[in-house]
>>> print(open('work.tsv').read())   # TSV, C-alpha atoms and all ligand atoms
chain	number	residue	atom	x	y	z
A	1	MET	CA	109.89	54.73	-36.98
A	2	PRO	CA	108.50	56.70	-33.96
A	3	ASN	CA	109.92	60.13	-34.01
A	4	THR	CA	109.28	62.27	-30.96
A	5	LEU	CA	108.39	65.88	-31.10
A	6	ASP	CA	109.87	68.20	-28.52
A	7	ARG	CA	107.18	68.49	-25.82
A	8	GLN	CA	107.98	72.23	-25.54
A	9	THR	CA	106.87	72.86	-29.15
A	10	ARG	CA	104.37	75.68	-29.38
A	11	ILE	CA	101.39	74.09	-31.13
A	12	TYR	CA	98.32	76.07	-32.18
A	13	ILE	CA	95.11	74.08	-32.38
A	14	SER	CA	92.53	76.08	-34.29
A	15	GLY	CA	88.91	75.28	-33.47
A	16	HIS	CA	89.69	74.04	-29.97
A	17	ARG	CA	86.09	74.22	-28.79
A	18	GLY	CA	84.73	71.74	-31.30
A	19	LEU	CA	84.63	67.97	-31.23
A	20	VAL	CA	88.03	67.45	-32.86
A	21	GLY	CA	89.88	70.46	-31.50
A	22	SER	CA	88.90	69.88	-27.88
A	23	THR	CA	89.89	66.21	-28.07
A	24	LEU	CA	93.19	67.12	-29.66
A	25	VAL	CA	94.01	69.57	-26.88
A	26	GLU	CA	93.24	66.87	-24.32
A	27	ARG	CA	95.32	64.28	-26.17
A	28	LEU	CA	98.36	66.52	-26.72
A	29	ARG	CA	98.27	67.63	-23.08
A	30	ALA	CA	98.17	64.00	-21.97
A	31	ALA	CA	101.17	63.32	-24.22
A	32	GLY	CA	103.15	65.99	-22.34
A	33	PHE	CA	102.85	69.02	-24.62
A	34	GLU	CA	102.93	72.08	-22.42
A	35	ASN	CA	102.78	74.96	-24.88
A	36	LEU	CA	99.43	74.50	-26.55
A	37	LEU	CA	97.97	77.64	-28.09
A	38	THR	CA	94.29	78.28	-28.63
A	39	ALA	CA	92.13	81.31	-29.41
A	40	THR	CA	88.41	81.78	-29.10
A	41	ARG	CA	86.30	83.32	-31.83
A	42	ALA	CA	86.04	86.49	-29.73
A	43	GLU	CA	89.85	86.73	-29.55
A	44	VAL	CA	90.45	86.21	-33.27
A	45	ASP	CA	87.98	85.96	-36.13
A	46	LEU	CA	89.66	83.42	-38.39
A	47	ARG	CA	87.89	84.90	-41.43
A	48	ASP	CA	89.85	88.14	-40.97
A	49	GLN	CA	93.39	87.97	-42.38
A	50	GLY	CA	94.57	91.02	-40.45
A	51	ALA	CA	93.38	89.60	-37.15
A	52	VAL	CA	94.87	86.19	-37.92
A	53	ASP	CA	98.26	87.67	-38.90
A	54	ALA	CA	98.36	89.76	-35.73
A	55	TRP	CA	97.50	86.76	-33.57
A	56	PHE	CA	100.18	84.59	-35.22
A	57	ALA	CA	102.83	87.33	-34.82
A	58	ASP	CA	102.00	87.56	-31.15
A	59	ALA	CA	101.53	83.87	-30.30
A	60	ARG	CA	104.39	82.57	-32.54
A	61	PRO	CA	103.21	78.99	-33.03
A	62	GLN	CA	105.84	76.55	-34.31
A	63	MET	CA	103.25	74.02	-35.41
A	64	VAL	CA	99.59	74.24	-36.31
A	65	VAL	CA	96.83	71.66	-36.37
A	66	HIS	CA	94.16	73.40	-38.40
A	67	VAL	CA	90.80	72.05	-37.36
A	68	ALA	CA	88.59	75.16	-37.31
A	69	GLY	CA	85.74	75.45	-39.74
A	70	THR	CA	82.01	75.91	-40.02
A	71	VAL	CA	80.69	72.36	-39.94
A	72	GLY	CA	77.36	70.57	-39.67
A	73	GLY	CA	75.22	67.64	-40.70
A	74	ILE	CA	73.29	67.06	-43.88
A	75	GLN	CA	70.53	69.58	-43.12
A	76	ALA	CA	72.80	72.44	-42.04
A	77	ASN	CA	75.00	71.93	-45.10
A	78	ALA	CA	72.09	71.73	-47.51
A	79	THR	CA	70.30	74.83	-46.20
A	80	ARG	CA	73.26	77.19	-45.56
A	81	PRO	CA	75.64	76.64	-48.49
A	82	ALA	CA	76.61	80.32	-48.85
A	83	ASP	CA	77.72	80.51	-45.22
A	84	PHE	CA	79.53	77.16	-45.34
A	85	MET	CA	81.40	78.27	-48.47
A	86	TYR	CA	82.34	81.74	-47.24
A	87	ASP	CA	83.39	80.81	-43.71
A	88	ASN	CA	85.46	77.83	-44.74
A	89	LEU	CA	87.13	79.46	-47.76
A	90	MET	CA	88.19	82.38	-45.60
A	91	ILE	CA	89.23	80.40	-42.53
A	92	HIS	CA	91.49	78.08	-44.52
A	93	ALA	CA	93.00	80.86	-46.62
A	94	THR	CA	93.87	83.10	-43.67
A	95	VAL	CA	95.35	80.42	-41.42
A	96	LEU	CA	97.56	78.90	-44.14
A	97	ARG	CA	98.75	82.35	-45.22
A	98	ALA	CA	99.61	83.37	-41.68
A	99	ALA	CA	101.35	80.04	-41.02
A	100	TRP	CA	103.52	80.54	-44.11
A	101	ARG	CA	104.31	84.17	-43.24
A	102	GLN	CA	105.14	83.26	-39.66
A	103	GLY	CA	107.47	80.44	-40.77
A	104	VAL	CA	105.49	77.70	-39.02
A	105	GLU	CA	107.59	74.48	-39.07
A	106	LYS	CA	104.72	72.10	-39.73
A	107	LEU	CA	100.99	72.38	-40.30
A	108	LEU	CA	98.44	69.57	-40.34
A	109	TYR	CA	95.24	70.37	-42.22
A	110	LEU	CA	92.19	68.20	-41.75
A	111	GLY	CA	90.04	67.50	-44.79
A	112	SER	CA	86.94	65.31	-44.67
A	113	SER	CA	85.78	62.15	-46.40
A	114	CYS	CA	82.79	64.09	-47.81
A	115	ILE	CA	85.07	65.93	-50.21
A	116	TYR	CA	85.60	62.85	-52.38
A	117	PRO	CA	83.33	62.59	-55.44
A	118	ARG	CA	79.79	61.43	-54.77
A	119	ASP	CA	80.03	58.29	-56.89
A	120	CYS	CA	83.57	57.44	-55.94
A	121	PRO	CA	84.65	53.79	-56.19
A	122	GLN	CA	84.63	52.26	-52.70
A	123	PRO	CA	86.68	52.14	-50.58
A	124	MET	CA	87.93	55.61	-51.49
A	125	ARG	CA	91.64	55.94	-52.14
A	126	GLU	CA	93.43	59.25	-51.70
A	127	GLU	CA	94.02	59.64	-55.45
A	128	TYR	CA	90.27	59.66	-56.19
A	129	LEU	CA	89.99	63.27	-54.99
A	130	LEU	CA	88.76	65.55	-57.81
A	131	THR	CA	87.90	62.73	-60.17
A	132	GLY	CA	84.12	63.34	-60.33
A	133	PRO	CA	81.14	65.51	-59.32
A	134	LEU	CA	80.49	66.15	-55.63
A	135	GLU	CA	77.47	65.22	-53.51
A	136	THR	CA	75.08	68.18	-53.80
A	137	THR	CA	73.98	68.28	-50.13
A	138	ASN	CA	77.48	69.30	-49.03
A	139	GLU	CA	79.02	70.67	-52.20
A	140	ALA	CA	79.79	74.13	-50.78
A	141	TYR	CA	81.62	72.71	-47.78
A	142	ALA	CA	83.48	70.20	-49.94
A	143	LEU	CA	84.64	72.84	-52.45
A	144	ALA	CA	85.97	75.06	-49.65
A	145	LYS	CA	87.72	72.13	-47.97
A	146	ILE	CA	89.28	71.01	-51.26
A	147	THR	CA	90.56	74.55	-51.80
A	148	GLY	CA	92.25	74.46	-48.39
A	149	LEU	CA	93.72	71.04	-48.98
A	150	LYS	CA	95.11	72.01	-52.38
A	151	SER	CA	96.48	75.21	-50.85
A	152	CYS	CA	98.59	73.06	-48.50
A	153	GLU	CA	100.09	71.39	-51.57
A	154	TYR	CA	100.69	74.75	-53.24
A	155	TYR	CA	102.46	76.25	-50.20
A	156	ARG	CA	104.55	73.11	-50.05
A	157	GLY	CA	105.44	73.32	-53.73
A	158	GLN	CA	105.96	77.06	-54.02
A	159	TYR	CA	107.50	77.87	-50.63
A	160	GLY	CA	108.71	74.52	-49.29
A	161	CYS	CA	106.35	74.68	-46.29
A	162	HIS	CA	105.90	71.43	-44.36
A	163	PHE	CA	102.13	71.52	-44.70
A	164	ILE	CA	100.47	68.10	-44.64
A	165	SER	CA	96.84	67.06	-44.82
A	166	ALA	CA	94.78	64.17	-43.54
A	167	MET	CA	91.30	63.07	-44.53
A	168	PRO	CA	89.27	61.90	-41.53
A	169	THR	CA	86.13	59.86	-41.92
A	170	ASN	CA	82.84	60.70	-40.08
A	171	LEU	CA	83.71	61.32	-36.44
A	172	TYR	CA	81.79	61.10	-33.19
A	173	GLY	CA	82.47	61.25	-29.48
A	174	PRO	CA	82.09	63.42	-26.38
A	175	ARG	CA	81.48	67.17	-26.84
A	176	ASP	CA	79.82	66.59	-30.21
A	177	ASN	CA	77.01	68.81	-31.44
A	178	PHE	CA	73.71	67.23	-30.34
A	179	ASP	CA	71.48	69.88	-31.90
A	180	LEU	CA	69.04	67.95	-34.10
A	181	ALA	CA	68.91	70.58	-36.85
A	182	GLY	CA	72.68	70.93	-37.19
A	183	SER	CA	74.22	67.70	-36.01
A	184	HIS	CA	75.51	64.62	-37.76
A	185	VAL	CA	73.60	61.37	-37.60
A	186	LEU	CA	75.24	59.64	-34.65
A	187	PRO	CA	74.75	62.32	-31.97
A	188	ALA	CA	71.27	62.99	-33.40
A	189	LEU	CA	70.29	59.34	-32.95
A	190	ILE	CA	71.72	59.18	-29.41
A	191	ARG	CA	69.64	62.19	-28.48
A	192	LYS	CA	66.47	61.02	-30.25
A	193	PHE	CA	66.51	57.56	-28.62
A	194	HIS	CA	67.35	59.06	-25.23
A	195	GLU	CA	64.49	61.56	-25.39
A	196	ALA	CA	62.06	58.93	-26.67
A	197	ARG	CA	62.94	56.69	-23.70
A	198	LEU	CA	62.39	59.53	-21.23
A	199	ALA	CA	59.07	60.42	-22.85
A	200	GLY	CA	57.93	56.77	-22.94
A	201	GLN	CA	57.71	56.83	-26.75
A	202	THR	CA	58.41	53.69	-28.74
A	203	GLU	CA	58.90	55.16	-32.23
A	204	VAL	CA	62.04	57.01	-33.28
A	205	SER	CA	62.33	58.78	-36.60
A	206	VAL	CA	65.42	58.01	-38.68
A	207	TRP	CA	65.97	60.27	-41.70
A	208	GLY	CA	66.11	58.83	-45.18
A	209	THR	CA	65.80	55.18	-46.18
A	210	GLY	CA	68.39	53.77	-43.77
A	211	ALA	CA	70.27	52.32	-46.76
A	212	PRO	CA	73.23	54.73	-47.07
A	213	LYS	CA	76.46	53.41	-45.63
A	214	ARG	CA	78.81	55.41	-43.44
A	215	GLU	CA	82.10	54.77	-41.67
A	216	PHE	CA	82.36	56.16	-38.12
A	217	MET	CA	85.49	56.73	-36.08
A	218	HIS	CA	85.79	57.80	-32.45
A	219	VAL	CA	87.41	61.22	-32.16
A	220	ASP	CA	90.02	59.89	-29.67
A	221	ASP	CA	91.35	57.73	-32.49
A	222	LEU	CA	91.56	60.76	-34.77
A	223	ALA	CA	93.48	62.74	-32.12
A	224	ALA	CA	95.93	59.84	-31.79
A	225	ALA	CA	96.32	59.75	-35.57
A	226	CYS	CA	97.01	63.50	-35.70
A	227	LEU	CA	99.88	63.17	-33.24
A	228	PHE	CA	101.17	60.15	-35.15
A	229	LEU	CA	101.13	62.12	-38.42
A	230	LEU	CA	102.77	65.20	-36.90
A	231	GLU	CA	105.57	62.95	-35.73
A	232	ASN	CA	105.85	60.58	-38.67
A	233	TYR	CA	104.46	62.04	-41.88
A	234	ASP	CA	105.79	64.76	-44.14
A	235	ARG	CA	104.59	64.19	-47.68
A	236	CYS	CA	102.49	66.15	-50.13
A	237	GLU	CA	99.85	63.43	-50.63
A	238	THR	CA	96.87	63.59	-48.30
A	239	ILE	CA	96.29	60.55	-46.12
A	240	ASN	CA	92.98	58.91	-45.16
A	241	VAL	CA	92.23	58.34	-41.47
A	242	GLY	CA	89.40	55.94	-40.73
A	243	THR	CA	88.53	52.48	-39.53
A	244	GLY	CA	88.07	50.94	-42.98
A	245	GLN	CA	84.67	49.54	-41.86
A	246	ASP	CA	81.19	50.88	-42.52
A	247	VAL	CA	77.56	50.21	-41.55
A	248	THR	CA	74.21	51.18	-43.03
A	249	ILE	CA	72.31	54.00	-41.31
A	250	GLY	CA	69.66	51.38	-40.45
A	251	GLU	CA	72.31	49.21	-38.74
A	252	LEU	CA	73.70	52.23	-36.93
A	253	ALA	CA	70.23	53.22	-35.70
A	254	ASP	CA	69.70	49.68	-34.47
A	255	LEU	CA	73.00	49.75	-32.55
A	256	VAL	CA	72.03	53.02	-30.89
A	257	ARG	CA	68.56	51.65	-30.17
A	258	LYS	CA	69.99	48.60	-28.37
A	259	ILE	CA	72.29	50.77	-26.24
A	260	VAL	CA	69.91	53.64	-25.45
A	261	HIS	CA	66.30	52.47	-25.76
A	262	PRO	CA	65.91	48.76	-26.64
A	263	GLU	CA	62.08	48.90	-26.61
A	264	ALA	CA	61.97	51.45	-29.43
A	265	GLN	CA	61.24	50.89	-33.11
A	266	LEU	CA	62.81	52.68	-36.06
A	267	VAL	CA	60.56	54.67	-38.39
A	268	PHE	CA	62.25	55.81	-41.59
A	269	ASP	CA	61.33	59.33	-42.73
A	270	THR	CA	61.94	59.21	-46.46
A	271	SER	CA	61.01	62.88	-46.88
A	272	LYS	CA	64.56	63.58	-45.61
A	273	PRO	CA	67.57	63.16	-47.89
A	274	ASP	CA	69.88	60.13	-47.91
A	275	GLY	CA	72.91	62.07	-49.15
A	276	THR	CA	75.87	60.16	-50.52
A	277	PRO	CA	75.10	56.43	-50.89
A	278	ARG	CA	78.41	55.31	-49.39
A	279	LYS	CA	81.59	56.88	-47.97
A	280	LEU	CA	84.19	54.33	-46.94
A	281	LEU	CA	87.85	55.27	-46.80
A	282	ASP	CA	90.65	53.06	-48.00
A	283	VAL	CA	93.02	53.22	-45.04
A	284	SER	CA	95.83	51.08	-46.41
A	285	ARG	CA	98.24	54.02	-46.63
A	286	ILE	CA	98.04	54.90	-42.92
A	287	HIS	CA	98.00	51.20	-41.93
A	288	ALA	CA	101.21	50.73	-43.91
A	289	LEU	CA	102.82	53.50	-41.84
A	290	GLY	CA	101.91	51.57	-38.67
A	291	TRP	CA	98.78	53.36	-37.37
A	292	LYS	CA	95.39	51.72	-36.77
A	293	HIS	CA	92.24	52.79	-34.87
A	294	THR	CA	91.58	51.17	-31.47
A	295	ILE	CA	87.96	52.01	-30.55
A	296	GLU	CA	85.26	49.84	-32.14
A	297	LEU	CA	81.86	51.35	-32.94
A	298	HIS	CA	79.84	49.56	-30.26
A	299	GLU	CA	82.10	50.55	-27.36
A	300	GLY	CA	82.49	54.05	-28.81
A	301	ILE	CA	78.71	54.59	-28.87
A	302	GLU	CA	78.41	53.22	-25.32
A	303	SER	CA	81.07	55.57	-23.96
A	304	THR	CA	79.68	58.54	-25.90
A	305	TYR	CA	76.22	57.82	-24.47
A	306	ARG	CA	77.70	57.63	-20.95
A	307	TRP	CA	79.30	61.02	-21.56
A	308	PHE	CA	75.98	62.37	-22.88
A	309	LEU	CA	74.17	61.19	-19.73
A	310	GLU	CA	76.73	62.86	-17.50
A	311	HIS	CA	76.63	66.14	-19.44
A	312	VAL	CA	73.06	66.24	-20.68
A	313	ASP	CA	72.55	69.63	-19.02
A	314	GLN	CA	75.51	71.19	-20.82
A	315	VAL	CA	75.47	69.57	-24.26
A	316	ARG	CA	74.86	71.71	-27.31
A	317	VAL	CA	71.24	70.86	-28.12
B	1	LIG	P1	76.43	63.10	-44.20
B	1	LIG	O1	77.33	61.95	-43.82
B	1	LIG	O2	77.15	64.28	-44.74
B	1	LIG	O3	75.32	62.64	-45.11
B	1	LIG	O4	75.78	63.69	-42.86
B	1	LIG	P2	74.87	63.15	-41.67
B	1	LIG	O5	75.71	62.52	-40.62
B	1	LIG	O6	74.05	64.35	-41.24
B	1	LIG	O7	73.87	62.07	-42.29
B	1	LIG	C1	74.26	60.75	-42.60
B	1	LIG	C2	73.05	59.93	-42.99
B	1	LIG	O8	72.26	59.67	-41.82
B	1	LIG	C3	72.11	60.57	-44.00
B	1	LIG	O9	71.65	59.55	-44.88
B	1	LIG	C4	70.95	61.08	-43.12
B	1	LIG	O10	69.73	61.22	-43.82
B	1	LIG	C5	70.89	59.95	-42.10
B	1	LIG	N1	70.17	60.27	-40.86
B	1	LIG	C6	69.24	59.49	-40.26
B	1	LIG	N2	68.71	60.08	-39.19
B	1	LIG	C7	69.38	61.27	-39.05
B	1	LIG	C8	69.29	62.33	-38.09
B	1	LIG	O11	68.49	62.31	-37.16
B	1	LIG	N3	70.15	63.38	-38.26
B	1	LIG	C9	71.05	63.40	-39.28
B	1	LIG	N4	71.90	64.45	-39.37
B	1	LIG	N5	71.14	62.43	-40.22
B	1	LIG	C10	70.31	61.37	-40.11
>>> encode(input="work.tsv", output="structure tokens", more="lines below")
Ligand code: GDP
Amino acid sequence: MPNTLDRQTRIYISGHRGLVGSTLVERLRAAGFENLLTATRAEVDLRDQGAVDAWFADARPQMVVHVAGTVGGIQANATRPADFMYDNLMIHATVLRAAWRQGVEKLLYLGSSCIYPRDCPQPMREEYLLTGPLETTNEAYALAKITGLKSCEYYRGQYGCHFISAMPTNLYGPRDNFDLAGSHVLPALIRKFHEARLAGQTEVSVWGTGAPKREFMHVDDLAAACLFLLENYDRCETINVGTGQDVTIGELADLVRKIVHPEAQLVFDTSKPDGTPRKLLDVSRIHALGWKHTIELHEGIESTYRWFLEHVDQVRV
């Protein structure tokens, strides 16, 4: 099947400073793409339609990978729902509108596995979207993301735009957010075990009961999947991107413990929320197209920790 995109294609990656966007820029550059377009928040506020339209008219992207958004872990989502809703609703609406107006040839929109219903049958198939109530700790984010994802379908239906969407699972890797109040679990645990080791402490607090199950994928695998989908996928249905394997938070914490601070013990802080009990994607659709992840969790945590050690002075903490 492999189709090859012209390496001169002007591709806009929104959100290029975040975990996914920065990895995507690196990956596309390595694949030979020379005309990658990015814009910082100071250059264009993606919540402002006028600014976004002006930027698109000037930069003339032919393709867009829309990654930008206000994101965060369970605590940030649960405590700032108004901001998560507003920022994400606006950012998705403006970018899709500008892409349509500008006649962008293809747009890839990234959803998130947290937008499936809270009590979704596992593993979660693409058609389970909008079949039940959402998890309350990230409802605002999920509603905004669903709106963006459905908008891709509407632009496709009404205007014939080649807008596609993919649904990545929980991601991790270099350049993640390591700020304990805002981060997701994996970078938080790397940082907590690292700091406990430095401080000579043997107890590390893990939020919740440790029982919830999560699927984790290295961001390099997601970047590879994005390029694969840009080259090989052009259908209305969203497509899950994950490993198809999950672990409990307790198992994850134990893996991080062994890699970062083997002498430590886990202490579960049940005053913190567990969130969704399980979020495992059914990845048979993307496997059937011929794509599979390559980085297993253990090696991914080891390489992310190596990156953390090399950049500990610069990481977002
Ligand atoms: P979620 O997947 O949207 O629930 O987001 P998170 O990655 O923030 O949390 C996943 C699970 O890990 C939840 O059950 C958290 O309570 C749990 N967890 C355990 N320790 C931590 C921690 O230090 N930080 C975060 N963010 N979550 C933690």
>>> closest_residue(input="work.tsv", among="A:Val44, A:Leu189, A:Ile295, A:Val65", to="ligand LIG 1 (chain B)", atoms="all atoms listed in the file")
A:Leu189
>>> residues_near_point(input="work.tsv", point="(68.6, 51.3, -33.6)", cutoff="10 Å", atoms="all atoms listed in the file", output="number ranges by chain")
A: 189-190, 193, 204, 206, 249-267
>>> write_last_selection(input="work.tsv", atoms="C-alpha atoms", output="PDB file, in the coordinates of the input")
ATOM      1  CA  LEU A 189      70.290  59.340 -32.950  1.00  0.00           C
ATOM      2  CA  ILE A 190      71.720  59.180 -29.410  1.00  0.00           C
ATOM      3  CA  PHE A 193      66.510  57.560 -28.620  1.00  0.00           C
ATOM      4  CA  VAL A 204      62.040  57.010 -33.280  1.00  0.00           C
ATOM      5  CA  VAL A 206      65.420  58.010 -38.680  1.00  0.00           C
ATOM      6  CA  ILE A 249      72.310  54.000 -41.310  1.00  0.00           C
ATOM      7  CA  GLY A 250      69.660  51.380 -40.450  1.00  0.00           C
ATOM      8  CA  GLU A 251      72.310  49.210 -38.740  1.00  0.00           C
ATOM      9  CA  LEU A 252      73.700  52.230 -36.930  1.00  0.00           C
ATOM     10  CA  ALA A 253      70.230  53.220 -35.700  1.00  0.00           C
ATOM     11  CA  ASP A 254      69.700  49.680 -34.470  1.00  0.00           C
ATOM     12  CA  LEU A 255      73.000  49.750 -32.550  1.00  0.00           C
ATOM     13  CA  VAL A 256      72.030  53.020 -30.890  1.00  0.00           C
ATOM     14  CA  ARG A 257      68.560  51.650 -30.170  1.00  0.00           C
ATOM     15  CA  LYS A 258      69.990  48.600 -28.370  1.00  0.00           C
ATOM     16  CA  ILE A 259      72.290  50.770 -26.240  1.00  0.00           C
ATOM     17  CA  VAL A 260      69.910  53.640 -25.450  1.00  0.00           C
ATOM     18  CA  HIS A 261      66.300  52.470 -25.760  1.00  0.00           C
ATOM     19  CA  PRO A 262      65.910  48.760 -26.640  1.00  0.00           C
ATOM     20  CA  GLU A 263      62.080  48.900 -26.610  1.00  0.00           C
ATOM     21  CA  ALA A 264      61.970  51.450 -29.430  1.00  0.00           C
ATOM     22  CA  GLN A 265      61.240  50.890 -33.110  1.00  0.00           C
ATOM     23  CA  LEU A 266      62.810  52.680 -36.060  1.00  0.00           C
ATOM     24  CA  VAL A 267      60.560  54.670 -38.390  1.00  0.00           C
TER      25      VAL A 267
END
>>> residues_near_ligand(input="work.tsv", ligand="ligand LIG 1 (chain B)", cutoff="6 Å", atoms="all atoms listed in the file", output="list in words")
Gly73, Ile74, Ser183, His184, Val185, Ala188, Leu189, Val206, Trp207, Gly208, Pro212, Ile249, Lys272, Pro273, Asp274, Gly275 and Thr276 of chain A
>>> atom_distance(input="work.tsv", atom1="atom CA of A:Gly15", atom2="atom CA of A:Ile239")
20.8 Å
>>> atom_distance(input="work.tsv", atom1="atom CA of A:Ala76", atom2="atom CA of A:Cys114")
14.2 Å
>>> atom_distance(input="work.tsv", atom1="atom CA of A:His298", atom2="atom CA of A:Leu281")
19.2 Å
>>> closest_residue(input="work.tsv", among="A:Gly210, A:Gly132, A:Pro117, A:Pro174", to="A:Leu309", atoms="all atoms listed in the file")
A:Pro174
>>> residues_near_point(input="work.tsv", point="(77.0, 71.2, -22.9)", cutoff="10 Å", atoms="only C-alpha atoms", output="compact mmCIF listing (two decimals) with C-alpha atoms, in the frame of the given file")
# COMPACT_ATOMS: atom_id res chain seq x y z
CA PRO A 174 82.09 63.42 -26.38
CA ARG A 175 81.48 67.17 -26.84
CA ASP A 176 79.82 66.59 -30.21
CA ASN A 177 77.01 68.81 -31.44
CA PHE A 178 73.71 67.23 -30.34
CA PHE A 308 75.98 62.37 -22.88
CA GLU A 310 76.73 62.86 -17.50
CA HIS A 311 76.63 66.14 -19.44
CA VAL A 312 73.06 66.24 -20.68
CA ASP A 313 72.55 69.63 -19.02
CA GLN A 314 75.51 71.19 -20.82
CA VAL A 315 75.47 69.57 -24.26
CA ARG A 316 74.86 71.71 -27.31
CA VAL A 317 71.24 70.86 -28.12
>>> residues_around(input="work.tsv", residues="stretch 40-42 of chain A", least_positions_apart="3", cutoff="9 Å", atoms="only C-alpha atoms", output="list in words")
Ser14, Gly15, His16, Arg17, Asp45 and Leu46 of chain A
>>> closest_residue(input="work.tsv", among="A:His218, A:Arg60, A:Arg80, A:Lys279", to="A:Ser303", atoms="only C-alpha atoms")
A:His218
>>> closest_residue(input="work.tsv", among="A:Thr9, A:Asn77, A:Gln62, A:Thr294", to="A:Arg101", atoms="all atoms listed in the file")
A:Gln62
>>> residues_around(input="work.tsv", residues="A:Gln122", least_positions_apart="3", cutoff="9 Å", atoms="only C-alpha atoms", output="list in words")
Asp119, Arg125, Arg278, Lys279, Leu280, Leu281 and Asp282 of chain A
>>> closest_residue(input="work.tsv", among="A:Gly244, A:Gly173, A:Pro133, A:Gly200", to="A:Glu302", atoms="all atoms listed in the file")
A:Gly173
>>> residues_around(input="work.tsv", residues="A:Met63", least_positions_apart="6", cutoff="8 Å", atoms="only C-alpha atoms", output="short mmCIF file (atom, residue, chain, number, x, y, z; two decimals) with C-alpha atoms, in the frame of the given file")
data_model
loop_
_atom_site.label_atom_id
_atom_site.label_comp_id
_atom_site.auth_asym_id
_atom_site.auth_seq_id
_atom_site.Cartn_x
_atom_site.Cartn_y
_atom_site.Cartn_z
CA THR A 9 106.87 72.86 -29.15
CA ARG A 10 104.37 75.68 -29.38
CA ILE A 11 101.39 74.09 -31.13
CA TYR A 12 98.32 76.07 -32.18
CA VAL A 104 105.49 77.70 -39.02
CA GLU A 105 107.59 74.48 -39.07
CA LYS A 106 104.72 72.10 -39.73
CA LEU A 107 100.99 72.38 -40.30
#
>>> closest_residue(input="work.tsv", among="A:His293, A:His162, A:Arg214, A:Arg97", to="A:Tyr233", atoms="all atoms listed in the file")
A:His162
>>> closest_atom_pairs(input="work.tsv", of="stretch 159-246 of chain A", to="stretch 21-35 of chain A", cutoff="9 Å", atoms="only C-alpha atoms", output="JSON lines")
{"residue": "A:Pro174", "atom": "CA", "partner": "A:Thr23", "partner_atom": "CA", "distance": 8.5}
{"residue": "A:Arg175", "atom": "CA", "partner": "A:Ser22", "partner_atom": "CA", "distance": 8.0}
{"residue": "A:Val219", "atom": "CA", "partner": "A:Thr23", "partner_atom": "CA", "distance": 6.9}
{"residue": "A:Asp220", "atom": "CA", "partner": "A:Thr23", "partner_atom": "CA", "distance": 6.5}
{"residue": "A:Leu222", "atom": "CA", "partner": "A:Leu24", "partner_atom": "CA", "distance": 8.3}
{"residue": "A:Ala223", "atom": "CA", "partner": "A:Leu24", "partner_atom": "CA", "distance": 5.0}
{"residue": "A:Ala224", "atom": "CA", "partner": "A:Arg27", "partner_atom": "CA", "distance": 7.2}
{"residue": "A:Cys226", "atom": "CA", "partner": "A:Leu24", "partner_atom": "CA", "distance": 8.0}
{"residue": "A:Leu227", "atom": "CA", "partner": "A:Leu28", "partner_atom": "CA", "distance": 7.5}
>>> residues_around(input="work.tsv", residues="A:Glu43", least_positions_apart="5", cutoff="10 Å", atoms="all atoms listed in the file", output="JSON, numbers by chain")
{"A": [38, 51, 52, 55]}
>>> residues_around(input="work.tsv", residues="A:Ser113", least_positions_apart="2", cutoff="12 Å", atoms="all atoms listed in the file", output="ChimeraX atom specification")
/A:110-111,115-118,120,122-126,128-129,134-135,138,141-142,145-146,166-171,214-217,238-242,244,276,278-283
